[in-house]
Each structure stands twice: as C-alpha cells, then as structure tokens.
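> The following block contains the structure, expressed as structure tokens.
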Amino acid sequence: MKIAIEGCMHGDLDNVYKTIQHHEQIHNTKVDLLLCCGDFQAVRNEKDMDSLNVPRKYREMKSFWKYYSGQEVAPIPTIFIGGNHEASNYLWELYYGGWAATNIYFLGFAGVVKFGDVRIGGLSGIYKERHYRSGHFERPPYNESTIRSVYYVREYDVQKLLQLEEPLDIFLSHDWPVGITDYGDSEALMRQKPYFRQEIEEKTLGSKPAALLLEKLKPRYWFSAHLHCKFAAAVQHGDDGSVTKFLALDKCLPGKKFLQIIEIESEPGPFEVLYDEEWLAITRKFNSIFPLTRRYANFSTAGTIQESREWVRKKLEERQFKPFEFARTVPAYNPSQRIFDSIPEIPQNPQTLSLLELLGLPYLLDSSPVTGERTEIPASPAPSDLPTYDSEEILIDDIDEIEEIEEAKADDPTRDEA
C-alpha cells in the first residue's frame, strides 16, 4: 500500500491532490491513501470562518468547500486530524470521527480506524498544559478565548487512546511528541529553525501527552506537522526493541517539503476506511464520563473495556464495519451569493447520531458547557462578523506568527521582537 503523508493542509486540497497526481504520472504508480497531520481547515462556508482561529489577513475560503458541496470529489481516500487552525465548529459535529466530505474522513478529536488491514490512530489539536485536564466546555459561537482553547488536547481523549492494547501501524498528531528531537538531527533542525533552540535544550518543544502515547502505543510510524519543517527521527523502544519511524512535514507551499510517500506492507486491495472494534469499545465505555464542562473526567468510573467488546463486534458486523455515509448539515459556500439563512450553531450531524445509536449512547455534543445538561442552542444568522485577532495578539503556539517575526528580523536585524 502506498500512502502519501502531508503536513499542514491549510485548506489547499486542490494543490495537494494535484501534486500527488503528478507524482503518480511521472512514476507510473498509484497512491492508495492520503494522511494529513492537521490544520486541514474544513471550511464549508463564510460562517465557518468565525470558528477559524487565524488573523483576518489569513482568512480565505480555499478549496475544501468544493469537496463538501460535491463540486469536486477527493481523488484519493483522505484521512485527517485537526490542528490549531480549524473550522472547529464543524469538527465538533464530528467529535467521534466521520466523513467531512465524500472520501475525506476526519479521525475525530481522538480516533482509530482501519484502512484495509492498516490500523491508523490519531490525536487532534495541540498541547497546552493549563487546559489539559479541562473538559470539552467550548461550544460555538466561540469567543476570543474559546476559539483557541477548543483545539487544546484534553486528558480525556488521551486516556482513551492509552487504553489501546492492539498494535497500531500509524499514528498522527499535529504537534510533535516532546523529546522527539533527541532521536534525530537536532543540530540541523536548530540551524534551520534557530528559534527552536531554547525549547529543544529545555526539552519543552512539543507535547507531553503525545510523548506518553508514543511510549505506550509504539506505532510503526508517527507523522506530525505544526512546526513547518521536515524532521525525521527513529525511536527504539527499550522493552521490546521495536522502532517507531517519526516524520514531521511542512505546510503546502511551493518549495516546502510538505509531502512524503511511503510504501507499507498490507493485504491486497481494494481498500476502504472501516470502523475499529477496539476503539469503539473504548468509546462506548468512556462516554459515560465524557467531560462537557470545565471539570475534568473521573476515570475511576469508566469501567472495563472488555465488557463491551463482544457487544460492539456484533453491532459492527451488521454494518460490515463500514462508517455511516457522509451528510451535509449546512449550505456550502457559493461564490455567486452569500449565505443569509439562519444556521444552527451545533447541527446534529446524522453520522454522529447514527454512530451513537449503533453504540447505544446518548447525543451529548449540545450539552450546556456550565451544567453539562443538554440545552437548545439558538441559531444565529450567517455570516456573522465576530471580532478577530490582530496578528500581534496571537499566542506563541501559532507558528505562522513566530515565522513572520523571524523573517522580519532577518530582513531588519535591528527590529525588536513583537
């Protein structure tokens, strides 16, 4: 199986697919799957821009809306995770994972699927310590605080992934596992990105939860993005001697190293995305402690996974393990007219409803962020003009802003850092 790995998509699906098709033509080969490591930007229409945490100067419709509307269909099966520049309102609809468009699958805030017999896991978002133990309290419409905090990794999702016992072939994260630079050419990295030096030396560059998952899960491959550079490493695990090959890639721009194609052993095709039995058993057991306010989850009451394993297997066999079909929940962008109809802030995505019904679970994504009780959230007109950030207000986790500062300093060495 040939798999293309892409770093930060930034909504530029057209160019990524064209690059892969060019590779296929000149090498007379066929790529079976595309994996994207975050900042996918599944922006469906103008209103989704209100949930995209980027400075106004970076806000563009890009090309995802064409795939959402059906004007275009992804030529290659695509699986992605979320980063820190996402249409977070849409990803929240698909918290458990699902088709964001035909042939484009979102792994969820955390998730595992199979593609053929290749098992792929992922964790969306980036790590911020002070939000790690919080519940998922953010709901659209987001304010100046929650538009950022919604994409911070939560302990609840990491704990679910830590329950996995069966081996993973591939894992995706947006930010890098902390300490991964010890296993590659960190000196070359610091020459390329000198402003990483302090964090590398202090061992604070990256995500602590991702490092925990790397140590526990030991996947054959781990792919990341976020820091806008290519970096390779090989981590040998001490207990069994297995090795995880790590690769981070850049964003999709001319001259950037944003794409890598690998070949991995697999059963013969055709291949398709399938639900993972163990993961859905974990999801079913952990849903009773899903933290939907600022309070953290009580993991002692989650129960054992094996209890629900057989029950989940029977349910999945009835569907032949196939995910529920893609369904549009809001109008797609139309270049010839703007959307003025009222759109619910949190549409109940039919895929999510069907999956929860399959697992015998309640729908909780519209619960009150204060009480945790389900509440009706009124629709608001679209598009809305919420206040956005000036570029100098962006936090340090925004690598685009860091790069702009460094490029400006290179052009004018006397310029003070903003």
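Ligands are numbered from 1 in the order shown, chains are lettered A, B, ... in the order of the structure tokens, and residues start at 1 in each chain.
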Quick one: residues within 12 Å of Glu317 (chain A), only C-alpha atoms, excluding same-chain residues fewer than 6 positions away - as an mmCIF file with N, CA and C atoms, in the first residue's frame?


```cif
data_model
loop_
_atom_site.group_PDB
_atom_site.id
_atom_site.type_symbol
_atom_site.label_atom_id
_atom_site.label_comp_id
_atom_site.auth_asym_id
_atom_site.auth_seq_id
_atom_site.Cartn_x
_atom_site.Cartn_y
_atom_site.Cartn_z
ATOM 1 N N LEU A 274 -12.610 1.662 7.563
ATOM 2 C CA LEU A 274 -13.506 0.839 8.368
ATOM 3 C C LEU A 274 -13.408 1.230 9.835
ATOM 4 N N TYR A 275 -14.518 1.076 10.553
ATOM 5 C CA TYR A 275 -14.508 1.287 11.993
ATOM 6 C C TYR A 275 -13.570 0.285 12.664
ATOM 7 N N ASP A 276 -13.017 0.678 13.804
ATOM 8 C CA ASP A 276 -12.121 -0.182 14.575
ATOM 9 C C ASP A 276 -12.862 -0.673 15.826
ATOM 10 N N GLU A 277 -12.936 -1.965 15.974
ATOM 11 C CA GLU A 277 -13.705 -2.577 17.057
ATOM 12 C C GLU A 277 -13.196 -2.177 18.441
ATOM 13 N N GLU A 310 -17.497 -7.562 22.866
ATOM 14 C CA GLU A 310 -18.306 -8.500 22.084
ATOM 15 C C GLU A 310 -19.579 -7.824 21.581
ATOM 16 N N TRP A 311 -20.178 -6.991 22.421
ATOM 17 C CA TRP A 311 -21.402 -6.283 22.035
ATOM 18 C C TRP A 311 -21.132 -5.386 20.826
ATOM 19 N N PRO A 323 -18.224 2.847 8.066
ATOM 20 C CA PRO A 323 -18.730 4.084 8.662
ATOM 21 C C PRO A 323 -20.037 4.515 7.990
ATOM 22 N N LEU A 358 -25.861 3.308 17.135
ATOM 23 C CA LEU A 358 -25.256 1.987 16.971
ATOM 24 C C LEU A 358 -24.617 1.512 18.273
#
```

> Write out as a list in words each polymer residue whose atoms come within 7 Å of region 93-106 of chain A, counting only C-alpha atoms; drop sequence neighbours fewer than 6 positions from it.

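That gives Tyr67, Tyr68, Val73, Ala74, Pro77, Thr78, Ile79, Phe80, Ile81, Phe326, Ile346, Pro347, Gln348, Asn349, Gln351 and Thr352 of chain A.
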
> Atoms to include: N, CA, C and O atoms. Write the selected residues as a short mmCIF file (atom, residue, chain, number, x, y, z; two decimals), in the first residue's frame.


```
data_model
loop_
_atom_site.label_atom_id
_atom_site.label_comp_id
_atom_site.auth_asym_id
_atom_site.auth_seq_id
_atom_site.Cartn_x
_atom_site.Cartn_y
_atom_site.Cartn_z
N TYR A 67 -15.25 20.28 -2.21
CA TYR A 67 -15.37 18.86 -1.90
C TYR A 67 -16.57 18.61 -0.99
O TYR A 67 -17.25 17.59 -1.12
N TYR A 68 -16.85 19.55 -0.12
CA TYR A 68 -18.01 19.45 0.75
C TYR A 68 -19.30 19.55 -0.06
O TYR A 68 -20.28 18.83 0.18
N VAL A 73 -14.67 15.74 -6.00
CA VAL A 73 -14.57 14.56 -5.14
C VAL A 73 -13.10 14.23 -4.97
O VAL A 73 -12.34 14.22 -5.95
N ALA A 74 -12.69 14.01 -3.74
CA ALA A 74 -11.28 13.68 -3.47
C ALA A 74 -10.86 12.48 -4.32
O ALA A 74 -11.49 11.42 -4.23
N PRO A 77 -8.61 8.46 -1.25
CA PRO A 77 -9.14 8.42 0.11
C PRO A 77 -8.22 9.22 1.05
O PRO A 77 -7.00 9.06 1.00
N THR A 78 -8.83 10.08 1.87
CA THR A 78 -8.07 11.01 2.69
C THR A 78 -8.52 10.89 4.14
O THR A 78 -9.72 10.88 4.42
N ILE A 79 -7.56 10.80 5.04
CA ILE A 79 -7.83 10.78 6.48
C ILE A 79 -7.05 11.92 7.11
O ILE A 79 -5.86 12.09 6.83
N PHE A 80 -7.72 12.70 7.98
CA PHE A 80 -7.03 13.83 8.60
C PHE A 80 -7.37 13.95 10.07
O PHE A 80 -8.39 13.44 10.54
N ILE A 81 -6.48 14.65 10.79
CA ILE A 81 -6.73 15.06 12.17
C ILE A 81 -6.81 16.58 12.19
O ILE A 81 -6.47 17.25 11.22
N PHE A 326 -21.57 10.03 4.45
CA PHE A 326 -21.44 11.48 4.55
C PHE A 326 -22.78 12.16 4.37
O PHE A 326 -23.60 11.75 3.55
N ILE A 346 -24.83 24.33 16.42
CA ILE A 346 -24.33 22.96 16.52
C ILE A 346 -25.32 22.02 15.85
O ILE A 346 -26.16 21.40 16.51
N PRO A 347 -25.27 21.89 14.53
CA PRO A 347 -26.16 20.94 13.88
C PRO A 347 -25.88 19.51 14.36
O PRO A 347 -24.72 19.16 14.62
N GLN A 348 -26.91 18.72 14.50
CA GLN A 348 -26.71 17.33 14.87
C GLN A 348 -26.38 16.54 13.60
O GLN A 348 -27.24 16.30 12.77
N ASN A 349 -25.11 16.19 13.47
CA ASN A 349 -24.67 15.52 12.26
C ASN A 349 -25.25 14.11 12.20
O ASN A 349 -25.09 13.33 13.16
N GLN A 351 -24.26 11.46 10.81
CA GLN A 351 -23.26 10.42 11.04
C GLN A 351 -23.04 10.19 12.52
O GLN A 351 -22.95 9.05 12.99
N THR A 352 -22.92 11.30 13.26
CA THR A 352 -22.69 11.20 14.71
C THR A 352 -23.89 10.55 15.39
O THR A 352 -23.73 9.67 16.25
#
```

> Find the distance between CA of Leu162 (chain A) and CA of Glu267 (chain A) and write it in Å to one decimal.

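Distance between the two atoms: 26.8 Å.
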
> Could you write out, as a VMD selection string, all the residues of region 39-211 of chain A that DSSP marks as strand (DSSP E or B)?

chain A and resid 52 78 to 80 87 98 to 101 104 to 106 110 to 115 118 to 123 126 152 170 to 173 177 184 207

> Would you pick out the contacts of region 10-19 of chain A at 6 Å or less, using only C-alpha atoms, so that residues sharing its chain but fewer than 2 positions from it are not included, and give the list as a list in words?

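Everything that qualifies: Cys8, Gln21, His22, Asp39, Phe40, Gln41, Lys62, Ser63 and Phe64 of chain A.
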
> Output N, CA, C and O atoms of each residue in that selection to a file, as a PDB file, in the first residue's frame.


```
ATOM      1  N   CYS A   8       0.821  20.347   7.054  1.00  0.00           N
ATOM      2  CA  CYS A   8      -0.317  21.247   7.295  1.00  0.00           C
ATOM      3  C   CYS A   8      -1.020  21.536   5.971  1.00  0.00           C
ATOM      4  O   CYS A   8      -0.422  22.116   5.069  1.00  0.00           O
ATOM      5  N   GLN A  21      -1.105  13.534  -7.878  1.00  0.00           N
ATOM      6  CA  GLN A  21      -1.399  13.023  -9.218  1.00  0.00           C
ATOM      7  C   GLN A  21      -0.209  13.197 -10.153  1.00  0.00           C
ATOM      8  O   GLN A  21       0.060  12.324 -10.999  1.00  0.00           O
ATOM      9  N   HIS A  22       0.533  14.278 -10.005  1.00  0.00           N
ATOM     10  CA  HIS A  22       1.751  14.474 -10.801  1.00  0.00           C
ATOM     11  C   HIS A  22       2.768  13.392 -10.470  1.00  0.00           C
ATOM     12  O   HIS A  22       3.400  12.816 -11.380  1.00  0.00           O
ATOM     13  N   ASP A  39      -4.298  21.147  10.741  1.00  0.00           N
ATOM     14  CA  ASP A  39      -4.542  22.428  10.065  1.00  0.00           C
ATOM     15  C   ASP A  39      -5.175  22.163   8.701  1.00  0.00           C
ATOM     16  O   ASP A  39      -4.807  22.745   7.684  1.00  0.00           O
ATOM     17  N   PHE A  40      -6.143  21.264   8.711  1.00  0.00           N
ATOM     18  CA  PHE A  40      -6.808  20.849   7.481  1.00  0.00           C
ATOM     19  C   PHE A  40      -7.705  21.962   6.944  1.00  0.00           C
ATOM     20  O   PHE A  40      -7.778  22.200   5.760  1.00  0.00           O
ATOM     21  N   GLN A  41      -8.393  22.648   7.855  1.00  0.00           N
ATOM     22  CA  GLN A  41      -9.270  23.779   7.532  1.00  0.00           C
ATOM     23  C   GLN A  41     -10.439  23.358   6.647  1.00  0.00           C
ATOM     24  O   GLN A  41     -10.557  23.756   5.487  1.00  0.00           O
ATOM     25  N   LYS A  62     -10.319  29.081   0.479  1.00  0.00           N
ATOM     26  CA  LYS A  62      -9.510  27.965  -0.024  1.00  0.00           C
ATOM     27  C   LYS A  62     -10.398  26.998  -0.810  1.00  0.00           C
ATOM     28  O   LYS A  62     -11.331  27.427  -1.487  1.00  0.00           O
ATOM     29  N   SER A  63     -10.135  25.672  -0.721  1.00  0.00           N
ATOM     30  CA  SER A  63     -10.815  24.789  -1.679  1.00  0.00           C
ATOM     31  C   SER A  63     -11.641  23.673  -1.057  1.00  0.00           C
ATOM     32  O   SER A  63     -12.303  22.928  -1.781  1.00  0.00           O
ATOM     33  N   PHE A  64     -11.668  23.542   0.278  1.00  0.00           N
ATOM     34  CA  PHE A  64     -12.419  22.425   0.853  1.00  0.00           C
ATOM     35  C   PHE A  64     -13.902  22.482   0.498  1.00  0.00           C
ATOM     36  O   PHE A  64     -14.550  21.445   0.295  1.00  0.00           O
TER      37      PHE A  64
END
```

> For Lys208 (chain A), list every protein, DNA or RNA residue within 7 Å, evaluated using only C-alpha atoms, and leave out those in the same chain fewer than 4 positions away; present the list as a list in words.

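Listed by chain and then number, they are Pro177, Val178 and Leu212 of chain A.
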
> If you run DSSP on this backbone, which residues of region 128-252 of chain A come out as alpha helix (DSSP H), and could you give them as a PyMOL selection string?

chain A and resi 146-149+155-162+186-192+197-201+208-217

> Could you dump the residues just selected with C-alpha atoms as a PDB file, in the first residue's frame?


```pdb
ATOM      1  CA  THR A 146     -12.738  29.526  23.429  1.00  0.00           C
ATOM      2  CA  ILE A 147     -11.843  29.893  19.732  1.00  0.00           C
ATOM      3  CA  ARG A 148      -8.337  28.976  20.914  1.00  0.00           C
ATOM      4  CA  SER A 149      -8.956  26.616  23.807  1.00  0.00           C
ATOM      5  CA  GLU A 155      -6.651  14.338  29.061  1.00  0.00           C
ATOM      6  CA  TYR A 156      -9.949  12.543  28.413  1.00  0.00           C
ATOM      7  CA  ASP A 157      -9.088  11.885  24.769  1.00  0.00           C
ATOM      8  CA  VAL A 158      -5.511  10.876  25.603  1.00  0.00           C
ATOM      9  CA  GLN A 159      -6.700   8.432  28.269  1.00  0.00           C
ATOM     10  CA  LYS A 160      -8.983   6.782  25.734  1.00  0.00           C
ATOM     11  CA  LEU A 161      -6.019   6.272  23.394  1.00  0.00           C
ATOM     12  CA  LEU A 162      -3.899   4.920  26.258  1.00  0.00           C
ATOM     13  CA  SER A 186      18.522  18.250  16.255  1.00  0.00           C
ATOM     14  CA  GLU A 187      21.565  20.360  15.319  1.00  0.00           C
ATOM     15  CA  ALA A 188      20.431  20.566  11.697  1.00  0.00           C
ATOM     16  CA  LEU A 189      16.930  21.424  12.917  1.00  0.00           C
ATOM     17  CA  MET A 190      18.233  24.268  15.080  1.00  0.00           C
ATOM     18  CA  ARG A 191      20.262  25.623  12.178  1.00  0.00           C
ATOM     19  CA  GLN A 192      17.095  25.678  10.099  1.00  0.00           C
ATOM     20  CA  ARG A 197      16.928  26.066  20.301  1.00  0.00           C
ATOM     21  CA  GLN A 198      15.821  27.099  23.768  1.00  0.00           C
ATOM     22  CA  GLU A 199      12.795  24.789  23.786  1.00  0.00           C
ATOM     23  CA  ILE A 200      14.848  21.878  22.425  1.00  0.00           C
ATOM     24  CA  GLU A 201      17.534  22.350  25.057  1.00  0.00           C
ATOM     25  CA  LYS A 208       3.887  15.685  26.731  1.00  0.00           C
ATOM     26  CA  PRO A 209       0.707  13.663  26.076  1.00  0.00           C
ATOM     27  CA  ALA A 210       1.983  12.756  22.600  1.00  0.00           C
ATOM     28  CA  ALA A 211       5.216  11.506  24.199  1.00  0.00           C
ATOM     29  CA  LEU A 212       3.175   9.347  26.596  1.00  0.00           C
ATOM     30  CA  LEU A 213       1.260   7.888  23.668  1.00  0.00           C
ATOM     31  CA  LEU A 214       4.458   7.233  21.714  1.00  0.00           C
ATOM     32  CA  GLU A 215       5.912   5.334  24.670  1.00  0.00           C
ATOM     33  CA  LYS A 216       2.733   3.284  25.248  1.00  0.00           C
ATOM     34  CA  LEU A 217       1.484   2.617  21.718  1.00  0.00           C
TER      35      LEU A 217
END
```

> Counting only C-alpha atoms, which residue out of A:Thr244, A:Ser145, A:Ser367, A:Ser124 sits closest to Ile170 (chain A)?

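The shortest atom-to-atom distance to Ile170 (chain A) comes from A:Thr244.
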
> From the list A:Leu123, A:Ile282, A:Met61, A:Leu34, which residue is nearest Ser207 (chain A) when using only C-alpha atoms?

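Nearest to Ser207 (chain A): A:Leu123.
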
> One number please: CA of Gly121 (chain A) to CA of Phe171 (chain A), in Å, one decimal.

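CA of Gly121 (chain A) sits 4.7 Å away from CA of Phe171 (chain A).
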
> Tell me which of A:His174, A:Lys128, A:Lys47, A:Lys30 sits closest to Pro141 (chain A), counting only C-alpha atoms.

A:Lys47

> Quick one: of A:Ala234, A:Val150, A:Met1, A:Leu364, who's nearest to Ser51 (chain A), counting only C-alpha atoms?

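Under the stated criterion, the closest residue is A:Val150.
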